[in-house]
Structure formats: structure tokens, C-alpha cells
Amino acid sequence: MPAGLLIATNGAEESWPAVEYGAWLASQLRVDVILFGVVEHLPAAAIDEQHPLEAFFGRAVAQFQENRVSYRLEVQNGPAESLIPRRAKDAGLITVLGRLGRSRLRHMLAGRSIAHLLAAIEGPIVYVPQARIPVKRLLISLGGLGYELTAEHLAIQVAKRARAEIALLHVIPPMDLDYPTARLVRTGWRHLDDTNTPIGRSIRKAMAIAQEAGLSARVIARQGLVVEEILAEVREGGHDLLCLGSAHSASAMRQLYTPDVTSQIAEAIDCPILTARFRPEPSPSDAGSEL
């Protein structure tokens, strides 16, 4: 269970869905909220001029009170892209983000802020371009490499509290390789949960995690380009929350060859996304060595 939620905003109206969603999520998980406001541009006029963040905070407090969520408010001056990752380093926090209202010119020159934040924040992230409350249908995308396990555990907690339906998605990309496992995946992609392939084992493990939580889950198989197929499933399936592992769980060398699926999807989607880097559980020998 997370220690709390860090809802980060620069006061842009585009980030308001993160506050709505964060308040709801905190009430479901029964955790406290830190509303972290970033003042990026101080008023150029009188020193007592009200900053837009003040009105934003007032609305947010009303939202927290309506959801009966305990909260505290923090404010810092500076650029959001550097301050938010720094504040998110506290252990146990889930960072909830919305759009920061950047201009198209800034997107062209510096790229989208969400791609930078996904790379810089080490803890779990919920990105909320649009609030979909309550969560009734939750989609977990399985990559077969195990990087989604940490995000998957968090998603199961949300689904259990929200009593949401769970769907497990696996996408088989186009393959040119010809070896036994590749042939098995290519020909039997609709029923990989019955195979001893990495994705088959991943599906069975996810099903077991759901069953242990008292939830049922169904499997969805798609074939094609990974990003396009995930986006199509979210759109066609009417899902309220997408759960993805993070490419930053992988080694630095692997990232040179693997596109950052999470960033690409975040830039093209309106559905909230839950993502987290894989954190392997310490073995008994590792735990003993720390004593």
C-alpha cells in the first residue's frame, strides 16, 4: 500500500483532472494527499497580486474535503520539470500528474513535459490527461518481460477497492525471426496463456495475482504495432485506467533498442495511465546482508 499521493500542479487548468482523480484515488486507497504547487512565474506587478495557484488551491481543498481526504499543501518556486521529480523522491509516494498547459512551440522545442517526468520520477506515476471516475474497467498491458509487475500490483489494489473489472492485454508485434518460441508466439498468439513462453507465464502470473485479490480477469490478445494496438484497445474497449510497466525498468543498453511505449501512449491518450518501474523483491539473503 502506498504511503500517500503527491498531486503536482503548476496551476494550469489542464492539470485540474489530476486533482479530481487524485482526490478520488486517495479516498479509495485510504491514504493522505500532498498537494504540491509549483510557482513558475511570479507576478510582475504588485507583490500582493494573487497568483492563479491560490485560486487553484482553494478549489483543490474543497475537492479533498468532499472526498474526506486528509491533505497538506506545499509550494515551491521554479520549473515544474525539475521540482516535481525532486519532491517525488520520498519513498512510498505515488505521483499524480496532469497536463501542464505548455504551448505548442514549447512542445516543438523541448518535447512534452510528460516524457521528461516519466523518465525523471523513479516512483509510481498516475498521469491524468482526463479524469475517468469511478474506475469500472481497468486494463493491464503485459509486456512479457516482467517490468509491469510493480504497476500491476498497484492496479490490483485500485481494482479491488473500486470493484473494477480487469482485462489483461498482450500485443504480439510483427515478427521476422524464425526460431521455436517465435513460431509458437506467431501461430498461437490468441492462446499464449496456455504456453510456456515469457508472455504465457506473465499472463498466468497476472491471473494468479488477481485471483489472490478476489478478482476475476479476462485476457485480450491483439496483434500489430504495440503502441497502435494499445491505443485501439483503450478506445474500443472503453477502459477507465490503463496500467503499463516502465521502459526505465530495463537496462540502459536495452533502452537504446526499445521504444518508450509508455511515453508514446501518454502523449496520445486521454485515459489515465498508471505506470511504475519494476522493483524486484529482495531475497532472504539480500535482507540478511543488510542486518
# chains A, B, ... in the order shown; residues from 1 in each chain; ligands from 1
>>> select_by_dssp(residues="segment 20-249 of chain A", states="alpha helix (DSSP H)", output="PyMOL selection string")
chain A and resi 20-29+52-66+80-87+104-110+113-120+149-162+180-187+198-212+226-237
>>> closest_atom_pairs(of="segment 121-170 of chain A", to="segment 29-40 of chain A", cutoff="8 Å", atoms="only C-alpha atoms", output="Markdown table")
| residue | atom | partner | partner_atom | distance |
| --- | --- | --- | --- | --- |
| A:Gln157 | CA | A:Leu29 | CA | 7.7 |
| A:Val158 | CA | A:Leu29 | CA | 7.0 |
| A:Arg161 | CA | A:Leu29 | CA | 6.9 |
>>> closest_residue(among="A:Leu6, A:Ala217, A:Ile209, A:Cys243", to="Ile121 of chain A", atoms="only C-alpha atoms")
A:Leu6
>>> atom_distance(atom1="atom CA of Asp240 of chain A", atom2="atom CA of Val135 of chain A")
5.4 Å
